[in-house]
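K.L.:
Pasting in a structure now, in structure tokens, and then I'll have a few things to ask.
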Amino acid sequence: MLAIEIETCKPASVGELESIHERYGKHPDHPNQLILLVRSGNSQVEATWLIKKWLENQPKPNAELSAELLELLTLSTDWLARLHLLQCIRFLELSQAPISELRPAILALVESPNKLIRAWAFDGLFRLAQLNHPDTAADMAKISVAMEDESPAVRARLRNLMV
């Protein structure tokens, strides 16, 4: 039912997505249905927006669900879906994140020509660095350079992280 509603209003307006969230957001299987939709390659923008909305209104998901959501970043093809997923990282339990797969995906997005993608990719890189993985020093050095050389939008996002 959820997938059909999303498909019928594609491309969905924020109002339509808010309405879908109101109807389905409290259903226990809601995040799993959205994950399946993203994995199918259909309605990725709408499904990732709904995932982000769901996360904004929920306590931090467990490590297993967080890992499933992080995996979507490597599967998404639309820039807006990637942006939504990057914006989701701040809500996730990262202690068991698959850093060896996630870090290269985020590093690739740090090089995006899109300022919003870069800003949120640096946000994700910073949050991964908080886990003190073997490449933390290199990632923090990259973030330090970005604080000096990046566009104002990217620097603003980074300043928000440093407070």
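Residue numbers start at 1 in each chain; chains themselves are named A, B, ... in the order of the structure tokens; ligands are numbered from 1 in the order shown.
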Env of range 140-154 of chain A: 9 Å cut, atoms = only C-alpha atoms, seq-sep filter 4 positions within chain, self excluded. Answer as a list in words.
P.N.:
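Final neighbour list, sorted by chain and number: Lys115, Leu116, Arg118, Ala119, Trp120, Phe122, Leu125, Phe126, Ala129, Asp135, Thr136, Leu158 and Arg159 of chain A.
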K.L.:
Take the residues just selected and output them with N, CA and C atoms as a tab-separated table (two decimals), in the first residue's frame.
P.N.:
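Resulting contents of selection_21.tsv:
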```tsv
chain	number	residue	atom	x	y	z
A	115	LYS	N	27.34	21.31	-3.81
A	115	LYS	CA	27.74	21.83	-2.50
A	115	LYS	C	26.97	21.17	-1.35
A	116	LEU	N	25.69	20.94	-1.54
A	116	LEU	CA	24.90	20.32	-0.48
A	116	LEU	C	25.37	18.90	-0.19
A	118	ARG	N	28.39	17.76	-0.77
A	118	ARG	CA	29.69	17.86	-0.10
A	118	ARG	C	29.53	18.23	1.37
A	119	ALA	N	28.66	19.19	1.66
A	119	ALA	CA	28.48	19.62	3.04
A	119	ALA	C	28.04	18.46	3.92
A	120	TRP	N	27.06	17.71	3.46
A	120	TRP	CA	26.55	16.61	4.28
A	120	TRP	C	27.47	15.40	4.25
A	122	PHE	N	30.76	15.72	4.33
A	122	PHE	CA	31.72	16.08	5.38
A	122	PHE	C	31.11	15.85	6.76
A	125	LEU	N	31.48	12.22	7.31
A	125	LEU	CA	32.89	11.89	7.54
A	125	LEU	C	33.29	12.28	8.97
A	126	PHE	N	32.83	13.42	9.42
A	126	PHE	CA	33.12	13.87	10.79
A	126	PHE	C	32.53	12.89	11.81
A	129	ALA	N	34.54	9.83	11.96
A	129	ALA	CA	35.81	10.08	12.64
A	129	ALA	C	35.66	10.02	14.16
A	135	ASP	N	41.51	5.42	10.12
A	135	ASP	CA	41.74	6.56	9.23
A	135	ASP	C	41.20	7.87	9.78
A	136	THR	N	40.92	7.90	11.07
A	136	THR	CA	40.35	9.11	11.69
A	136	THR	C	41.25	10.32	11.48
A	158	LEU	N	30.27	22.54	8.53
A	158	LEU	CA	31.39	22.07	9.35
A	158	LEU	C	31.47	22.86	10.66
A	159	ARG	N	31.23	24.17	10.61
A	159	ARG	CA	31.24	24.96	11.84
A	159	ARG	C	30.17	24.46	12.81
```
K.L.:
Which parts of range 39-158 of chain A does DSSP call helix (DSSP H, G or I) when run on the backbone here, written out as a PyMOL selection string?
P.N.:
chain A and resi 39-40+44-56+63-75+79-91+99-110+115-129+136-149+152-158
K.L.:
Within 9 Å of range 69-78 of chain A, counting only C-alpha atoms, which residues show up once you throw out same-chain ones fewer than 6 positions away? Write them as a PyMOL selection string, please.
P.N.:
chain A and resi 31+35+38-39+41+44-45+51+85-86+88-89+92+97-98+101-102+105-106
K.L.:
Store the residues picked out above, limited to all heavy atoms, as a compact mmCIF listing (two decimals), in the first residue's frame.
P.N.:
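Ended up saving to result_20.txt:
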```
# COMPACT_ATOMS: atom_id res chain seq x y z
N PRO A 31 9.88 1.64 8.47
CA PRO A 31 11.25 1.79 7.96
C PRO A 31 11.67 0.64 7.05
O PRO A 31 12.35 0.86 6.04
CB PRO A 31 12.12 1.88 9.20
CG PRO A 31 11.29 1.41 10.32
CD PRO A 31 9.86 1.58 9.93
N ILE A 35 13.02 0.93 3.23
CA ILE A 35 14.32 0.35 2.85
C ILE A 35 14.15 -0.52 1.60
O ILE A 35 14.94 -0.42 0.65
CB ILE A 35 14.93 -0.45 4.01
CG1 ILE A 35 15.40 0.51 5.10
CG2 ILE A 35 16.08 -1.33 3.54
CD1 ILE A 35 15.78 -0.16 6.42
N VAL A 38 13.75 1.68 -1.49
CA VAL A 38 15.02 2.25 -1.95
C VAL A 38 15.85 1.18 -2.65
O VAL A 38 16.41 1.41 -3.72
CB VAL A 38 15.83 2.90 -0.80
CG1 VAL A 38 17.20 3.36 -1.28
CG2 VAL A 38 15.05 4.06 -0.18
N ARG A 39 15.91 0.00 -2.05
CA ARG A 39 16.69 -1.10 -2.65
C ARG A 39 16.16 -1.49 -4.02
O ARG A 39 16.91 -1.92 -4.88
CB ARG A 39 16.68 -2.32 -1.73
CG ARG A 39 17.61 -2.17 -0.56
CD ARG A 39 17.70 -3.44 0.24
NE ARG A 39 18.64 -3.28 1.31
CZ ARG A 39 18.56 -3.88 2.47
NH1 ARG A 39 17.57 -4.73 2.72
NH2 ARG A 39 19.46 -3.66 3.40
N GLY A 41 15.09 0.45 -6.20
CA GLY A 41 15.45 1.47 -7.17
C GLY A 41 14.27 2.36 -7.54
O GLY A 41 14.42 3.29 -8.32
N GLN A 44 13.24 6.39 -5.01
CA GLN A 44 14.29 6.57 -4.02
C GLN A 44 14.23 7.93 -3.33
O GLN A 44 14.44 8.02 -2.13
CB GLN A 44 15.67 6.37 -4.64
CG GLN A 44 15.99 4.93 -4.95
CD GLN A 44 17.43 4.74 -5.39
OE1 GLN A 44 18.11 5.67 -5.81
NE2 GLN A 44 17.90 3.52 -5.29
N VAL A 45 13.93 8.96 -4.09
CA VAL A 45 13.89 10.31 -3.49
C VAL A 45 12.78 10.39 -2.45
O VAL A 45 13.00 10.85 -1.32
CB VAL A 45 13.71 11.39 -4.58
CG1 VAL A 45 13.47 12.75 -3.96
CG2 VAL A 45 14.93 11.42 -5.50
N ILE A 51 12.26 8.31 5.05
CA ILE A 51 13.17 7.75 6.05
C ILE A 51 13.71 8.87 6.94
O ILE A 51 13.73 8.76 8.17
CB ILE A 51 14.34 6.97 5.38
CG1 ILE A 51 13.82 5.66 4.77
CG2 ILE A 51 15.46 6.71 6.37
CD1 ILE A 51 14.82 4.97 3.85
N LEU A 85 19.95 10.65 2.56
CA LEU A 85 20.64 9.60 3.34
C LEU A 85 21.82 10.17 4.11
O LEU A 85 22.07 9.78 5.26
CB LEU A 85 21.06 8.45 2.42
CG LEU A 85 19.87 7.64 1.88
CD1 LEU A 85 20.32 6.75 0.74
CD2 LEU A 85 19.20 6.84 2.98
N LEU A 86 22.55 11.09 3.50
CA LEU A 86 23.64 11.74 4.23
C LEU A 86 23.09 12.52 5.43
O LEU A 86 23.69 12.51 6.52
CB LEU A 86 24.42 12.68 3.31
CG LEU A 86 25.33 12.01 2.28
CD1 LEU A 86 25.77 13.03 1.23
CD2 LEU A 86 26.52 11.35 2.94
N CYS A 88 20.62 11.72 7.13
CA CYS A 88 20.15 10.74 8.12
C CYS A 88 21.26 10.27 9.06
O CYS A 88 20.98 9.82 10.17
CB CYS A 88 19.57 9.50 7.41
SG CYS A 88 17.98 9.80 6.62
N ILE A 89 22.50 10.36 8.63
CA ILE A 89 23.60 9.79 9.40
C ILE A 89 23.61 10.32 10.83
O ILE A 89 23.86 9.57 11.78
CB ILE A 89 24.96 10.03 8.69
CG1 ILE A 89 25.01 9.21 7.40
CG2 ILE A 89 26.13 9.68 9.61
CD1 ILE A 89 26.23 9.47 6.52
N LEU A 92 21.67 8.18 13.35
CA LEU A 92 21.89 6.74 13.40
C LEU A 92 22.87 6.33 14.49
O LEU A 92 23.75 7.10 14.89
CB LEU A 92 22.39 6.24 12.04
CG LEU A 92 21.45 6.51 10.87
CD1 LEU A 92 22.08 6.05 9.57
CD2 LEU A 92 20.09 5.87 11.08
N ALA A 97 28.82 0.64 12.69
CA ALA A 97 28.71 1.00 11.28
C ALA A 97 29.75 0.25 10.45
O ALA A 97 30.88 0.06 10.90
CB ALA A 97 28.90 2.50 11.11
N PRO A 98 29.38 -0.15 9.24
CA PRO A 98 30.34 -0.83 8.35
C PRO A 98 31.30 0.20 7.73
O PRO A 98 31.18 0.58 6.58
CB PRO A 98 29.42 -1.47 7.30
CG PRO A 98 28.22 -0.56 7.26
CD PRO A 98 28.06 -0.03 8.65
N GLU A 101 32.99 -0.10 4.24
CA GLU A 101 32.18 0.14 3.05
C GLU A 101 31.67 1.59 3.01
O GLU A 101 31.58 2.20 1.95
CB GLU A 101 30.97 -0.80 2.99
CG GLU A 101 31.30 -2.26 2.76
CD GLU A 101 31.46 -3.03 4.07
OE1 GLU A 101 30.74 -2.72 5.03
OE2 GLU A 101 32.32 -3.92 4.13
N LEU A 102 31.32 2.10 4.17
CA LEU A 102 30.70 3.42 4.24
C LEU A 102 31.69 4.55 3.98
O LEU A 102 31.38 5.50 3.26
CB LEU A 102 30.06 3.58 5.62
CG LEU A 102 29.28 4.86 5.87
CD1 LEU A 102 28.14 5.01 4.88
CD2 LEU A 102 28.76 4.87 7.30
N ALA A 105 32.40 5.39 0.32
CA ALA A 105 31.22 6.01 -0.30
C ALA A 105 31.12 7.48 0.10
O ALA A 105 30.85 8.35 -0.74
CB ALA A 105 29.96 5.26 0.11
N ILE A 106 31.37 7.76 1.36
CA ILE A 106 31.32 9.15 1.83
C ILE A 106 32.47 9.96 1.24
O ILE A 106 32.28 11.10 0.81
CB ILE A 106 31.31 9.21 3.36
CG1 ILE A 106 29.96 8.68 3.88
CG2 ILE A 106 31.56 10.62 3.86
CD1 ILE A 106 29.86 8.57 5.39
```
K.L.:
Find the residues near Ala12 in chain A: any atom within 12 Å, counting only C-alpha atoms, skip ones fewer than 3 places away on the same chain, and give them as a count of residues only.
P.N.:
18
K.L.:
Between CA of Leu2 in chain A and CA of His21 in chain A, what distance in Å does the model show, to one decimal?
P.N.:
9.7 Å
K.L.:
Name the residues in contact with Trp79 in chain A at a cut-off of 9 Å, using only C-alpha atoms, excluding same-chain residues fewer than 5 positions from it; report them as an NGL selection string.
P.N.:
:A and (45 or 84 or 114 or 117)
K.L.:
Emit the selected residues as a PDB file, in the first residue's frame, including all heavy atoms.
P.N.:
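New file out.pdb:
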```pdb
ATOM      1  N   VAL A  45      13.931   8.964  -4.087  1.00  0.00           N
ATOM      2  CA  VAL A  45      13.888  10.307  -3.489  1.00  0.00           C
ATOM      3  C   VAL A  45      12.781  10.386  -2.451  1.00  0.00           C
ATOM      4  O   VAL A  45      12.996  10.849  -1.325  1.00  0.00           O
ATOM      5  CB  VAL A  45      13.711  11.390  -4.577  1.00  0.00           C
ATOM      6  CG1 VAL A  45      13.473  12.754  -3.962  1.00  0.00           C
ATOM      7  CG2 VAL A  45      14.926  11.419  -5.495  1.00  0.00           C
ATOM      8  N   HIS A  84      19.428  13.031   1.175  1.00  0.00           N
ATOM      9  CA  HIS A  84      18.579  12.620   2.301  1.00  0.00           C
ATOM     10  C   HIS A  84      19.294  11.602   3.183  1.00  0.00           C
ATOM     11  O   HIS A  84      19.246  11.699   4.416  1.00  0.00           O
ATOM     12  CB  HIS A  84      17.268  12.007   1.792  1.00  0.00           C
ATOM     13  CG  HIS A  84      16.401  12.962   1.051  1.00  0.00           C
ATOM     14  ND1 HIS A  84      15.513  12.534   0.080  1.00  0.00           N
ATOM     15  CD2 HIS A  84      16.268  14.315   1.099  1.00  0.00           C
ATOM     16  CE1 HIS A  84      14.878  13.583  -0.403  1.00  0.00           C
ATOM     17  NE2 HIS A  84      15.322  14.670   0.187  1.00  0.00           N
ATOM     18  N   ASN A 114      28.252  19.033  -6.241  1.00  0.00           N
ATOM     19  CA  ASN A 114      27.101  19.616  -5.560  1.00  0.00           C
ATOM     20  C   ASN A 114      27.495  20.022  -4.134  1.00  0.00           C
ATOM     21  O   ASN A 114      27.902  19.187  -3.327  1.00  0.00           O
ATOM     22  CB  ASN A 114      25.963  18.591  -5.544  1.00  0.00           C
ATOM     23  CG  ASN A 114      24.700  19.138  -4.950  1.00  0.00           C
ATOM     24  OD1 ASN A 114      24.687  19.641  -3.836  1.00  0.00           O
ATOM     25  ND2 ASN A 114      23.616  19.017  -5.692  1.00  0.00           N
ATOM     26  N   ILE A 117      25.653  18.168  -1.248  1.00  0.00           N
ATOM     27  CA  ILE A 117      26.159  16.800  -1.071  1.00  0.00           C
ATOM     28  C   ILE A 117      27.494  16.851  -0.339  1.00  0.00           C
ATOM     29  O   ILE A 117      27.727  16.100   0.606  1.00  0.00           O
ATOM     30  CB  ILE A 117      26.303  16.073  -2.427  1.00  0.00           C
ATOM     31  CG1 ILE A 117      24.933  15.861  -3.077  1.00  0.00           C
ATOM     32  CG2 ILE A 117      27.081  14.776  -2.286  1.00  0.00           C
ATOM     33  CD1 ILE A 117      24.089  14.786  -2.445  1.00  0.00           C
TER      34      ILE A 117
END
```
